[in-house]
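S.K.: So here's model11.txt (compact mmCIF, C-alpha atoms).
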# COMPACT_ATOMS: atom_id res chain seq x y z
CA MET A 1 -15.99 -25.83 -16.37
CA SER A 2 -17.00 -23.95 -19.50
CA THR A 3 -14.55 -21.30 -20.73
CA ARG A 4 -17.36 -18.78 -20.40
CA GLU A 5 -17.93 -19.56 -16.74
CA GLY A 6 -16.00 -17.81 -14.03
CA ASN A 7 -13.55 -19.54 -11.74
CA LEU A 8 -15.16 -20.76 -8.51
CA GLU A 9 -11.89 -21.60 -6.75
CA ALA A 10 -9.66 -19.27 -4.74
CA PRO A 11 -7.31 -17.24 -6.95
CA THR A 12 -3.75 -18.48 -7.16
CA ARG A 13 -0.65 -16.55 -8.18
CA HIS A 14 2.10 -17.77 -10.50
CA PRO A 15 5.74 -16.76 -9.93
CA ILE A 16 6.91 -13.78 -12.00
CA ALA A 17 9.62 -14.80 -14.49
CA TRP A 18 11.16 -11.31 -14.53
CA GLN A 19 14.75 -12.56 -14.69
CA THR A 20 14.28 -14.25 -18.09
CA PRO A 21 14.96 -12.47 -21.42
CA GLU A 22 11.48 -13.47 -22.65
CA TYR A 23 9.87 -11.33 -19.95
CA TYR A 24 11.12 -8.19 -21.72
CA ASP A 25 9.99 -9.25 -25.21
CA GLU A 26 7.77 -6.31 -26.14
CA HIS A 27 5.96 -8.09 -28.97
CA ALA A 28 5.05 -11.01 -26.67
CA CYS A 29 3.92 -8.59 -23.98
CA VAL A 30 1.69 -6.62 -26.37
CA THR A 31 0.20 -9.91 -27.63
CA GLU A 32 -0.67 -10.84 -24.04
CA LEU A 33 -2.07 -7.35 -23.39
CA GLU A 34 -4.35 -7.76 -26.39
CA ARG A 35 -5.52 -11.18 -25.20
CA ILE A 36 -6.28 -9.92 -21.71
CA PHE A 37 -7.88 -6.69 -22.89
CA ASP A 38 -10.22 -8.68 -25.13
CA ILE A 39 -11.39 -10.77 -22.17
CA CYS A 40 -11.79 -7.67 -19.99
CA HIS A 41 -13.77 -5.90 -22.72
CA GLY A 42 -16.19 -8.81 -22.89
CA CYS A 43 -16.67 -8.85 -19.11
CA ARG A 44 -16.33 -5.23 -17.83
CA ARG A 45 -16.86 -6.33 -14.24
CA CYS A 46 -13.91 -4.24 -12.99
CA VAL A 47 -15.02 -0.93 -14.50
CA SER A 48 -15.49 0.73 -11.10
CA LEU A 49 -12.17 -0.28 -9.55
CA CYS A 50 -9.72 2.23 -11.04
CA ASN A 51 -9.15 4.30 -14.18
CA ALA A 52 -7.32 1.57 -16.10
CA PHE A 53 -10.53 -0.21 -17.07
CA PRO A 54 -12.54 2.87 -18.15
CA THR A 55 -9.52 3.92 -20.22
CA LEU A 56 -9.47 0.52 -21.92
CA PHE A 57 -13.20 0.41 -22.53
CA ASP A 58 -13.26 3.96 -23.93
CA LEU A 59 -10.51 2.99 -26.40
CA VAL A 60 -12.47 -0.07 -27.50
CA ASP A 61 -15.76 1.79 -27.79
CA ALA A 62 -14.14 4.53 -29.86
CA GLY A 63 -12.57 2.04 -32.26
CA GLN A 64 -13.89 1.28 -35.71
CA SER A 65 -15.17 -2.21 -34.90
CA GLY A 66 -15.96 -1.75 -31.22
CA GLU A 67 -13.54 -4.59 -30.47
CA VAL A 68 -9.98 -4.66 -29.09
CA GLU A 69 -8.60 -5.56 -32.54
CA SER A 70 -9.32 -2.06 -33.81
CA VAL A 71 -7.46 -0.29 -30.98
CA ASP A 72 -4.05 1.06 -31.97
CA LYS A 73 -1.46 -1.01 -30.10
CA LYS A 74 0.44 2.09 -29.03
CA ASP A 75 -2.66 3.13 -27.06
CA PHE A 76 -2.34 0.01 -24.93
CA TRP A 77 0.33 1.88 -22.97
CA ASN A 78 -2.27 4.44 -21.87
CA VAL A 79 -4.01 1.63 -19.99
CA VAL A 80 -0.70 0.51 -18.47
CA ASP A 81 -0.04 4.03 -17.16
CA GLN A 82 -3.42 4.09 -15.40
CA CYS A 83 -2.79 0.87 -13.45
CA TYR A 84 -1.22 1.29 -10.02
CA LEU A 85 -0.95 -2.43 -9.26
CA CYS A 86 -3.39 -2.52 -6.33
CA ASP A 87 -4.28 -6.15 -7.21
CA LEU A 88 -7.95 -5.68 -6.34
CA CYS A 89 -9.15 -6.80 -9.78
CA TYR A 90 -7.21 -10.05 -9.39
CA MET A 91 -8.11 -10.74 -5.77
CA THR A 92 -11.72 -9.54 -5.56
CA LYS A 93 -13.37 -9.20 -8.97
CA CYS A 94 -11.97 -11.18 -11.89
CA PRO A 95 -13.61 -14.59 -12.53
CA TYR A 96 -10.90 -15.64 -14.99
CA VAL A 97 -7.81 -15.69 -12.78
CA PRO A 98 -5.86 -18.94 -12.30
CA PRO A 99 -6.79 -21.76 -11.93
CA HIS A 100 -9.28 -20.78 -14.68
CA GLN A 101 -7.89 -21.91 -18.03
CA TRP A 102 -7.85 -18.33 -19.36
CA ASN A 103 -5.11 -17.61 -16.80
CA LEU A 104 -5.83 -13.88 -16.65
CA ASP A 105 -3.49 -11.83 -14.46
CA PHE A 106 -4.17 -8.18 -15.26
CA PRO A 107 -1.88 -6.53 -12.65
CA HIS A 108 1.13 -8.73 -13.29
CA THR A 109 0.79 -8.20 -17.03
CA MET A 110 0.72 -4.46 -16.30
CA LEU A 111 3.86 -4.96 -14.20
CA ARG A 112 5.56 -6.66 -17.12
CA ALA A 113 4.63 -3.76 -19.40
CA LYS A 114 5.91 -1.24 -16.84
CA ALA A 115 9.19 -3.17 -16.57
CA ILE A 116 9.58 -3.03 -20.36
CA LYS A 117 8.92 0.72 -20.34
CA TYR A 118 11.51 1.14 -17.59
CA LYS A 119 14.06 -0.88 -19.57
CA ARG A 120 13.41 1.39 -22.56
CA GLY A 121 14.20 4.42 -20.41
CA GLU A 122 10.66 5.84 -20.68
CA VAL A 123 10.52 7.02 -17.07
CA LYS A 124 10.47 10.63 -15.93
CA LEU A 125 12.99 12.04 -13.47
CA ARG A 126 10.04 12.89 -11.22
CA ASP A 127 8.99 9.24 -11.07
CA ARG A 128 12.52 8.14 -10.22
CA LEU A 129 12.65 10.70 -7.40
CA LEU A 130 9.21 9.96 -5.97
CA SER A 131 9.96 6.23 -5.88
CA SER A 132 13.30 6.79 -4.10
CA THR A 133 11.60 7.17 -0.73
CA ASP A 134 14.63 6.22 1.34
CA ALA A 135 17.07 8.56 -0.40
CA VAL A 136 14.65 11.49 -0.47
CA GLY A 137 13.64 10.86 3.15
CA ARG A 138 17.23 10.83 4.39
CA LEU A 139 17.93 14.15 2.69
CA ALA A 140 14.63 15.89 3.47
CA SER A 141 14.68 14.97 7.16
CA ILE A 142 18.10 16.47 7.89
CA PRO A 143 17.77 19.21 10.53
CA VAL A 144 17.53 22.68 8.92
CA VAL A 145 16.86 21.03 5.54
CA VAL A 146 13.61 19.67 6.94
CA GLN A 147 12.42 23.18 7.83
CA VAL A 148 13.04 24.40 4.28
CA VAL A 149 11.35 21.36 2.72
CA ASN A 150 8.27 21.58 4.96
CA ALA A 151 7.96 25.33 4.44
CA ALA A 152 8.14 24.84 0.68
CA THR A 153 5.26 22.35 0.70
CA ARG A 154 3.07 25.04 2.29
CA GLN A 155 4.07 27.97 0.05
CA PRO A 156 1.90 28.48 -3.09
CA ALA A 157 4.82 29.88 -5.11
CA ALA A 158 7.07 26.95 -4.22
CA ARG A 159 4.32 24.46 -4.98
CA ALA A 160 3.67 26.09 -8.36
CA ALA A 161 7.37 25.76 -9.17
CA MET A 162 7.33 22.15 -7.99
CA GLU A 163 4.45 21.41 -10.34
CA ALA A 164 6.13 23.15 -13.27
CA VAL A 165 9.48 21.43 -12.78
CA LEU A 166 8.57 18.03 -11.33
CA GLY A 167 4.89 17.54 -12.16
CA VAL A 168 3.79 17.25 -8.53
CA LYS A 169 0.29 18.72 -8.37
CA LYS A 170 0.31 21.95 -6.37
CA GLU A 171 -3.12 21.30 -4.84
CA ARG A 172 -2.13 17.91 -3.41
CA TRP A 173 -1.71 17.83 0.37
CA LEU A 174 1.74 16.40 1.02
CA PRO A 175 3.16 14.80 4.17
CA GLU A 176 5.77 16.76 6.06
CA TYR A 177 9.18 15.35 7.04
CA ASP A 178 10.41 14.94 10.60
CA SER A 179 14.05 15.26 11.68
CA ASP A 180 13.34 13.08 14.74
CA ARG A 181 13.46 9.89 12.73
CA PHE A 182 11.75 6.89 14.26
CA ARG A 183 14.74 4.59 13.89
CA GLU A 184 16.92 7.05 15.82
CA THR A 185 14.43 7.84 18.58
CA ALA A 186 12.64 4.53 19.24
CA ALA A 187 13.04 3.43 22.85
CA ALA A 188 14.63 0.11 23.66
CA SER A 189 12.27 -2.63 24.79
CA SER A 190 11.71 -3.14 28.48
CA PRO A 191 12.50 -6.70 29.59
CA HIS A 192 9.40 -8.86 29.40
CA PRO A 193 9.02 -12.64 29.43
CA VAL A 194 8.25 -14.08 26.02
CA ARG A 195 4.71 -15.50 26.00
CA ASP A 196 3.97 -17.33 22.78
CA GLY A 197 0.37 -18.03 21.73
CA ALA A 198 -1.14 -20.63 19.45
CA ALA A 199 -1.25 -18.17 16.55
CA THR A 200 1.27 -15.52 17.54
CA PRO A 201 4.99 -15.42 18.29
CA GLY A 202 5.53 -13.76 21.67
CA LYS A 203 8.18 -11.29 20.52
CA VAL A 204 8.14 -8.66 17.78
CA ALA A 205 10.61 -7.09 15.37
CA ILE A 206 9.54 -3.72 13.97
CA TYR A 207 10.39 -2.87 10.35
CA ALA A 208 10.02 0.92 10.51
CA THR A 209 9.22 1.71 6.82
CA CYS A 210 10.36 4.85 5.00
CA TYR A 211 7.14 6.71 5.73
CA VAL A 212 7.12 6.14 9.48
CA ASN A 213 10.86 6.73 9.77
CA TYR A 214 10.94 10.05 7.89
CA ASN A 215 7.39 11.43 7.82
CA GLU A 216 5.29 10.30 10.79
CA PRO A 217 7.57 8.72 13.42
CA GLY A 218 4.75 9.08 15.94
CA ILE A 219 3.02 6.07 14.35
CA GLY A 220 6.05 3.95 15.16
CA HIS A 221 6.16 5.24 18.74
CA ASP A 222 2.45 4.43 19.07
CA LEU A 223 3.16 0.83 18.05
CA VAL A 224 6.00 0.62 20.58
CA ALA A 225 3.74 1.96 23.34
CA ILE A 226 1.04 -0.62 22.50
CA LEU A 227 3.59 -3.44 22.60
CA GLU A 228 5.02 -2.17 25.90
CA HIS A 229 1.56 -1.95 27.44
CA ASN A 230 0.91 -5.55 26.43
CA GLU A 231 4.32 -6.62 27.74
CA ILE A 232 5.42 -7.90 24.33
CA PRO A 233 9.22 -7.86 23.92
CA HIS A 234 10.26 -6.02 20.79
CA VAL A 235 13.31 -4.98 18.84
CA LEU A 236 13.85 -2.61 15.96
CA VAL A 237 15.13 -4.28 12.79
CA ASN A 238 18.77 -3.28 13.01
CA LYS A 239 19.20 -2.53 9.31
CA GLU A 240 16.62 -1.72 6.67
CA VAL A 241 16.05 0.05 3.37
CA CYS A 242 12.85 0.68 1.40
CA CYS A 243 10.72 -2.45 0.97
CA GLY A 244 10.79 -1.88 -2.81
CA MET A 245 7.08 -1.29 -3.45
CA PRO A 246 7.58 2.18 -5.03
CA LYS A 247 10.18 0.74 -7.40
CA LEU A 248 7.92 -2.23 -8.19
CA GLU A 249 5.14 0.18 -9.22
CA LEU A 250 7.66 1.96 -11.45
CA GLY A 251 8.75 -1.29 -13.12
CA ASP A 252 12.31 -1.00 -11.78
CA LEU A 253 12.67 -4.63 -10.78
CA GLU A 254 16.46 -4.50 -10.51
CA ALA A 255 16.08 -1.88 -7.75
CA VAL A 256 13.57 -4.17 -6.04
CA ALA A 257 16.17 -6.94 -6.14
CA ARG A 258 18.91 -4.68 -4.72
CA ASN A 259 16.72 -3.68 -1.78
CA LYS A 260 15.69 -7.27 -1.23
CA GLU A 261 19.36 -8.29 -0.92
CA ILE A 262 19.77 -5.80 1.94
CA ASN A 263 16.49 -6.40 3.77
CA ILE A 264 15.86 -10.11 3.53
CA PRO A 265 19.00 -11.54 5.24
CA VAL A 266 18.36 -9.35 8.30
CA LEU A 267 14.63 -10.08 8.40
CA ALA A 268 15.11 -13.81 7.76
CA ALA A 269 17.47 -14.08 10.73
CA LEU A 270 14.80 -12.50 12.94
CA ALA A 271 12.10 -14.75 11.51
CA ARG A 272 14.15 -17.85 12.29
CA GLN A 273 14.69 -16.58 15.83
CA GLY A 274 10.91 -16.67 16.30
CA TYR A 275 10.04 -12.99 15.90
CA ALA A 276 6.82 -11.74 14.41
CA ILE A 277 7.77 -8.95 12.01
CA LEU A 278 5.41 -5.96 12.00
CA THR A 279 5.36 -3.14 9.47
CA PRO A 280 3.04 -0.16 10.11
CA VAL A 281 2.46 0.50 6.38
CA PRO A 282 0.23 -1.95 4.44
CA SER A 283 2.21 -1.63 1.19
CA CYS A 284 5.39 -2.73 2.94
CA THR A 285 3.63 -5.64 4.64
CA LEU A 286 2.20 -6.71 1.28
CA MET A 287 5.60 -6.45 -0.40
CA PHE A 288 7.19 -8.91 2.02
CA LYS A 289 4.14 -11.15 2.38
CA LEU A 290 3.15 -11.62 -1.25
CA GLU A 291 5.14 -9.74 -3.88
CA LEU A 292 8.72 -10.76 -3.05
CA PRO A 293 7.79 -14.46 -2.79
CA LEU A 294 6.43 -14.25 -6.36
CA LEU A 295 9.51 -12.39 -7.64
CA PHE A 296 11.94 -14.78 -5.88
CA PRO A 297 10.02 -18.07 -5.58
CA GLY A 298 13.06 -20.23 -4.85
CA ASP A 299 14.47 -18.08 -2.04
CA GLU A 300 13.96 -19.80 1.32
CA ASP A 301 14.83 -16.63 3.24
CA VAL A 302 12.06 -14.74 1.42
CA LYS A 303 9.62 -17.51 2.34
CA ALA A 304 10.66 -17.34 5.99
CA VAL A 305 10.13 -13.57 6.09
CA SER A 306 6.76 -13.89 4.37
CA ALA A 307 5.58 -16.40 6.98
CA ALA A 308 6.72 -14.15 9.85
CA MET A 309 5.22 -10.91 8.49
CA PHE A 310 2.10 -9.46 10.15
CA ASP A 311 0.01 -6.36 9.76
CA PRO A 312 0.09 -4.75 13.26
CA CYS A 313 -3.65 -5.03 13.90
CA GLU A 314 -3.68 -8.54 12.47
CA TYR A 315 -1.06 -9.44 15.06
CA LEU A 316 -2.91 -7.71 17.91
CA VAL A 317 -6.24 -9.38 17.11
CA LEU A 318 -4.60 -12.80 16.86
CA ARG A 319 -2.83 -12.04 20.11
CA GLY A 320 -6.24 -11.41 21.61
CA ARG A 321 -7.54 -14.73 20.32
CA ASP A 322 -4.61 -16.35 22.08
CA GLY A 323 -5.83 -14.70 25.30
CA LEU A 324 -2.70 -12.56 25.55
CA LEU A 325 -3.94 -9.06 24.67
CA LYS A 326 -4.92 -6.54 27.34
CA THR A 327 -8.34 -4.95 26.91
CA ASP A 328 -8.08 -2.35 29.66
CA PHE A 329 -9.07 0.54 27.39
CA LYS A 330 -9.51 3.73 29.39
CA LYS A 331 -10.41 6.50 26.92
CA PRO A 332 -13.53 6.37 24.69
CA LEU A 333 -12.73 7.12 21.07
CA GLY A 334 -16.24 8.05 19.97
CA ARG A 335 -17.02 7.75 16.26
CA ILE A 336 -14.35 6.60 13.83
CA SER A 337 -14.63 6.52 10.05
CA TYR A 338 -12.12 3.85 9.07
CA HIS A 339 -10.90 3.22 5.52
CA VAL A 340 -9.58 -0.22 4.55
CA PRO A 341 -6.61 0.29 2.18
CA CYS A 342 -6.41 -1.81 -0.98
CA HIS A 343 -3.02 -3.19 0.09
CA THR A 344 -4.62 -4.44 3.29
CA ARG A 345 -7.57 -5.99 1.50
CA VAL A 346 -5.43 -8.09 -0.85
CA GLN A 347 -3.49 -9.59 2.08
CA LYS A 348 -6.57 -11.76 2.74
CA ILE A 349 -6.51 -11.15 6.50
CA GLY A 350 -10.04 -9.79 6.87
CA ARG A 351 -10.96 -6.59 8.69
CA LYS A 352 -8.54 -6.93 11.58
CA THR A 353 -8.12 -3.18 12.13
CA GLU A 354 -11.89 -2.71 12.29
CA GLU A 355 -12.07 -5.55 14.80
CA MET A 356 -9.32 -3.98 16.91
CA LEU A 357 -10.92 -0.52 16.88
CA LYS A 358 -14.30 -1.97 17.88
CA MET A 359 -12.59 -3.79 20.73
CA THR A 360 -11.91 -0.36 22.27
CA GLY A 361 -15.65 0.34 22.33
CA ALA A 362 -15.52 2.82 19.46
CA GLU A 363 -18.36 3.23 16.96
CA VAL A 364 -16.73 2.36 13.63
CA ASN A 365 -17.98 3.26 10.16
CA THR A 366 -15.91 1.09 7.83
CA VAL A 367 -15.40 2.07 4.17
CA GLU A 368 -13.91 -0.64 1.94
CA ARG A 369 -13.24 1.06 -1.38
CA CYS A 370 -10.16 2.45 -3.16
CA SER A 371 -9.38 5.99 -2.03
CA GLY A 372 -7.75 6.79 -5.37
CA HIS A 373 -4.38 8.01 -4.07
CA ASP A 374 -2.19 4.91 -4.32
CA GLY A 375 1.37 5.78 -3.35
CA THR A 376 2.79 8.40 -5.67
CA TRP A 377 0.13 8.06 -8.39
CA GLY A 378 -2.29 10.60 -6.92
CA VAL A 379 0.52 13.12 -6.37
CA LYS A 380 1.28 13.46 -10.08
CA SER A 381 -0.19 16.35 -12.02
CA GLU A 382 -1.62 14.22 -14.81
CA TYR A 383 -3.45 11.88 -12.42
CA TYR A 384 -4.50 14.22 -9.60
CA ALA A 385 -8.00 14.97 -10.95
CA GLN A 386 -8.62 11.26 -11.56
CA SER A 387 -7.46 10.38 -8.06
CA MET A 388 -9.92 12.87 -6.58
CA LYS A 389 -12.71 11.53 -8.81
CA ILE A 390 -12.03 7.93 -7.76
CA GLY A 391 -11.97 9.02 -4.13
CA LYS A 392 -15.21 11.02 -4.23
CA PRO A 393 -17.52 8.15 -3.08
CA VAL A 394 -15.04 7.39 -0.30
CA PHE A 395 -14.94 11.02 0.84
CA LYS A 396 -18.73 11.01 1.08
CA ALA A 397 -18.94 7.66 2.88
CA MET A 398 -16.23 8.63 5.38
CA ALA A 399 -18.13 11.80 6.29
CA ALA A 400 -21.24 9.84 7.30
CA GLY A 401 -22.23 10.18 10.94
CA GLU A 402 -20.01 13.18 11.66
CA PRO A 403 -16.97 11.18 12.81
CA ASP A 404 -14.55 12.30 15.49
CA TYR A 405 -11.66 10.64 13.66
CA ILE A 406 -10.71 9.83 10.06
CA SER A 407 -8.44 6.80 10.03
CA SER A 408 -6.75 4.40 7.63
CA ASP A 409 -3.87 1.96 7.98
CA CYS A 410 -2.45 3.82 4.96
CA ALA A 411 -1.50 7.27 6.27
CA ILE A 412 -1.35 8.87 2.81
CA ALA A 413 -4.83 7.54 2.00
CA ALA A 414 -6.13 9.12 5.20
CA ARG A 415 -4.59 12.48 4.27
CA HIS A 416 -6.07 12.23 0.77
CA ILE A 417 -9.50 11.40 2.22
CA LEU A 418 -9.38 14.30 4.66
CA GLN A 419 -8.39 16.63 1.81
CA GLY A 420 -11.34 15.43 -0.27
CA MET A 421 -13.73 15.81 2.66
CA THR A 422 -12.39 19.28 3.45
CA GLU A 423 -12.73 20.48 -0.14
CA ALA A 424 -16.29 19.12 -0.20
CA GLY A 425 -17.06 20.97 3.04
CA ASN A 426 -18.01 17.86 5.01
CA ALA A 427 -14.92 17.23 7.16
CA GLY A 428 -16.60 18.83 10.18
CA THR A 429 -14.37 18.61 13.25
CA ALA A 430 -12.89 15.21 12.35
CA GLN A 431 -9.21 14.67 13.09
CA LYS A 432 -6.91 12.41 11.09
CA ALA A 433 -5.36 9.68 13.24
CA HIS A 434 -3.71 6.37 12.39
CA PRO A 435 -5.37 3.26 13.88
CA LEU A 436 -2.28 2.60 16.01
CA THR A 437 -2.50 6.15 17.35
CA LEU A 438 -6.15 5.56 18.24
CA ILE A 439 -5.45 2.24 19.95
CA ARG A 440 -2.69 3.83 22.02
CA LEU A 441 -5.05 6.70 22.89
CA ALA A 442 -7.72 4.23 23.98
CA TYR A 443 -5.21 2.42 26.21
CA GLY A 444 -4.26 5.78 27.75
CA VAL A 445 -0.51 5.11 27.50
Would you write out, as structure tokens, the structure that this file holds?

M.R.:
Amino acid sequence: MSTREGNLEAPTRHPIAWQTPEYYDEHACVTELERIFDICHGCRRCVSLCNAFPTLFDLVDAGQSGEVESVDKKDFWNVVDQCYLCDLCYMTKCPYVPPHQWNLDFPHTMLRAKAIKYKRGEVKLRDRLLSSTDAVGRLASIPVVVQVVNAATRQPAARAAMEAVLGVKKERWLPEYDSDRFRETAAASSPHPVRDGAATPGKVAIYATCYVNYNEPGIGHDLVAILEHNEIPHVLVNKEVCCGMPKLELGDLEAVARNKEINIPVLAALARQGYAILTPVPSCTLMFKLELPLLFPGDEDVKAVSAAMFDPCEYLVLRGRDGLLKTDFKKPLGRISYHVPCHTRVQKIGRKTEEMLKMTGAEVNTVERCSGHDGTWGVKSEYYAQSMKIGKPVFKAMAAGEPDYISSDCAIAARHILQGMTEAGNAGTAQKAHPLTLIRLAYGV
């Protein structure tokens, strides 16, 4: 294969050597950034994916020579700050990823740069707080405290103060907290016989996730109701902390490792007992499926958890292919505009949620494009306008056909999309509902 030809094989990922001193060598990292940026500048295929690539190309075009060599190295970090590690460039666009000899891994090189910045202490207090989803959730969901927190997110004066002090954009719609945490209110499983299928374990362990536990516990209860209706035995993972994705995006890899040491032994024991592990947030599923195995490639427990991890709709569709899913849907859902999150797309599982929603008889308009929110990135004052700009084509596409429901496996993406549609005046009467909520509604349970 010529070096100028793209790779025709499936992309492969190399383990991340983050525990070696060389990983934090800033000079070596900048040299690799320059090499990768030069290849990206010559290709420009990923210009529409996020703001990292336009930022890079604007720097190159404004330089004296019009090449990467004339860009001030300190400006490389502007590109790093714009990357939110969605992995779409690697998994869907770049022709030069391994096994191509150029070995281009844009997101993991950005991760390395973020880790170096974190080691240097160049991280705002706001970013540390926003990425501490478990700690903030535990505090904000305390009864009485939760009322104050939720009221503050709706008060213009409080939001202006929040923006001034923390840099959280006052216009951003934020999720509320719920004192009825999912992990404390989830019902115990009814006794059901375990019926294994060719592709699916016949019993499920639910990893709640920070978001479902503290913000929208109803999503977790919807999953439980769907499992009960299908007579699938289930348990709640008896101990969990944040999956580590917010800390990964911050470059705090030591925090990722600390959380892994708490989560993985518990999850690995369940995996070896034959449980399918379901997480109702795509970022968490991705973290256990793909990211932790690359960060800890020699850990057999991590591998066991990765193999047992399923997206909920992936599991339900596979359950259906095994002939073990009920299809007695009672309530028509009408028209659904469904957004495929980036962290679902890079799991390489196909459009399982779309397939599940169509199984109910719903009319589904599927939009497969980045919404622009990405975790905490779109909450921050300096990135808010860019997040809304990136999301604009999605807002328009989701409004097509006057949907009854706006839905995404990523609950914060759905809220961001509904905000964009509302501000554009094309939300109509659409309601925001998670796919699991819609499936439960269709079952009538």

S.K.: So how far away is atom CA of Gly274 of chain A from atom CA of Glu314 of chain A, in Å?

M.R.: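 Going from atom CA of Glu314 of chain A over to atom CA of Gly274 of chain A covers 17.1 Å.
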
S.K.: Could you tell me which of A:Ala413, A:Gly428, A:Val237, A:Ser179 comes closest to Pro217 of chain A if we count all atoms listed in the file?

M.R.: A:Ser179

S.K.: Neighbouring residues of segment 162-172 of chain A were defined as those with any atom within 7 Å, considering all atoms listed in the file; residues of the same chain fewer than 6 positions away were excluded. Please report them as a list in words.

M.R.: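 Listed by chain and then number, they are Arg126, Val379, Lys380, Ser381 and Tyr384 of chain A.
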
S.K.: If I take atom CA of Leu316 of chain A and atom CA of Lys303 of chain A, how far is one from the other in Å, to one decimal?

M.R.: 22.3 Å

S.K.: Report as a ChimeraX atom specification all protein, DNA and RNA residues lying within 6 Å of Pro98 of chain A, evaluated on only C-alpha atoms, omitting residues in the same chain fewer than 4 positions from it.

M.R.: /A:11-12,103

S.K.: Which residue, A:Phe296, A:Glu176, A:Lys326, A:Asp127, has the smallest gap to Asn150 of chain A when you use all atoms listed in the file?

M.R.: A:Glu176

S.K.: Can you pull out the residues contacting Thr279 of chain A? Cut-off 7 Å, using all atoms listed in the file, and skip same-chain residues under 4 positions away; I want them as a PyMOL selection string.

M.R.: chain A and resi 206-209+284-285+311-312

S.K.: If you keep C-alpha atoms, can you produce a file of those selected residues as a PDB file, in the frame of the given file?

M.R.:
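Result file selection34.pdb:
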ATOM      1  CA  ILE A 206       9.540  -3.720  13.970  1.00  0.00           C
ATOM      2  CA  TYR A 207      10.390  -2.870  10.350  1.00  0.00           C
ATOM      3  CA  ALA A 208      10.020   0.920  10.510  1.00  0.00           C
ATOM      4  CA  THR A 209       9.220   1.710   6.820  1.00  0.00           C
ATOM      5  CA  CYS A 284       5.390  -2.730   2.940  1.00  0.00           C
ATOM      6  CA  THR A 285       3.630  -5.640   4.640  1.00  0.00           C
ATOM      7  CA  ASP A 311       0.010  -6.360   9.760  1.00  0.00           C
ATOM      8  CA  PRO A 312       0.090  -4.750  13.260  1.00  0.00           C
TER       9      PRO A 312
END

S.K.: Can you measure atom CA of Met398 of chain A to atom CA of Leu286 of chain A for me? One decimal in Å is fine.

M.R.: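 Between these atoms lies a distance of 24.3 Å.
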
S.K.: Do you know which residues are at most 7 Å from Gln82 of chain A counting all atoms listed in the file, after dropping those on the same chain fewer than 4 positions away, and could you put them as number ranges by chain?

M.R.: A: 51-52, 78

S.K.: Between A:Val305, A:Val30, A:Cys46, A:Ile226, single out the one closest to Leu436 of chain A, counting only C-alpha atoms.

M.R.: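 Closest residue, counting only C-alpha atoms: A:Ile226.
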
S.K.: Go through A:Met309, A:Val194, A:Val394, A:Leu270 one by one, measure the shortest atom-to-atom distance of each to Lys289 of chain A using only C-alpha atoms, and give the residue with the smallest value.

M.R.: A:Met309

S.K.: Counting all atoms listed in the file, find the residues whose atoms lie at most 10 Å from (-4.4, 1.5, -13.1) (file coordinates) and write them out as a PyMOL selection string.

M.R.: chain A and resi 49-55+78-87+106-107+110+372+374+377

S.K.: Write a file of the just-selected residues containing C-alpha atoms, as a PDB file, in the frame of the given file.

M.R.:
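Generated output (again31.pdb):
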ATOM      1  CA  LEU A  49     -12.170  -0.280  -9.550  1.00  0.00           C
ATOM      2  CA  CYS A  50      -9.720   2.230 -11.040  1.00  0.00           C
ATOM      3  CA  ASN A  51      -9.150   4.300 -14.180  1.00  0.00           C
ATOM      4  CA  ALA A  52      -7.320   1.570 -16.100  1.00  0.00           C
ATOM      5  CA  PHE A  53     -10.530  -0.210 -17.070  1.00  0.00           C
ATOM      6  CA  PRO A  54     -12.540   2.870 -18.150  1.00  0.00           C
ATOM      7  CA  THR A  55      -9.520   3.920 -20.220  1.00  0.00           C
ATOM      8  CA  ASN A  78      -2.270   4.440 -21.870  1.00  0.00           C
ATOM      9  CA  VAL A  79      -4.010   1.630 -19.990  1.00  0.00           C
ATOM     10  CA  VAL A  80      -0.700   0.510 -18.470  1.00  0.00           C
ATOM     11  CA  ASP A  81      -0.040   4.030 -17.160  1.00  0.00           C
ATOM     12  CA  GLN A  82      -3.420   4.090 -15.400  1.00  0.00           C
ATOM     13  CA  CYS A  83      -2.790   0.870 -13.450  1.00  0.00           C
ATOM     14  CA  TYR A  84      -1.220   1.290 -10.020  1.00  0.00           C
ATOM     15  CA  LEU A  85      -0.950  -2.430  -9.260  1.00  0.00           C
ATOM     16  CA  CYS A  86      -3.390  -2.520  -6.330  1.00  0.00           C
ATOM     17  CA  ASP A  87      -4.280  -6.150  -7.210  1.00  0.00           C
ATOM     18  CA  PHE A 106      -4.170  -8.180 -15.260  1.00  0.00           C
ATOM     19  CA  PRO A 107      -1.880  -6.530 -12.650  1.00  0.00           C
ATOM     20  CA  MET A 110       0.720  -4.460 -16.300  1.00  0.00           C
ATOM     21  CA  GLY A 372      -7.750   6.790  -5.370  1.00  0.00           C
ATOM     22  CA  ASP A 374      -2.190   4.910  -4.320  1.00  0.00           C
ATOM     23  CA  TRP A 377       0.130   8.060  -8.390  1.00  0.00           C
TER      24      TRP A 377
END

S.K.: Neighbours of Leu290 of chain A within 12 Å (all atoms listed in the file; same-chain residues fewer than 5 positions away dropped), as a PyMOL selection string?

M.R.: chain A and resi 12-16+87+245+282-285+295-297+302-310+343-344+346-348

S.K.: Of the candidates A:Gly378, A:Ala140, A:Ala187, A:Cys243, which shows the shortest atom-to-atom distance to Ala225 of chain A, using only C-alpha atoms?

M.R.: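 When distances to Ala225 of chain A are compared using only C-alpha atoms, the smallest one comes from A:Ala187.
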
S.K.: So, with all atoms listed in the file as the atoms that count, which of A:Thr92, A:Ala427, A:Pro293, A:Tyr211 lies closest to Cys342 of chain A?

M.R.: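 Among the listed residues, the smallest separation from Cys342 of chain A belongs to A:Thr92.
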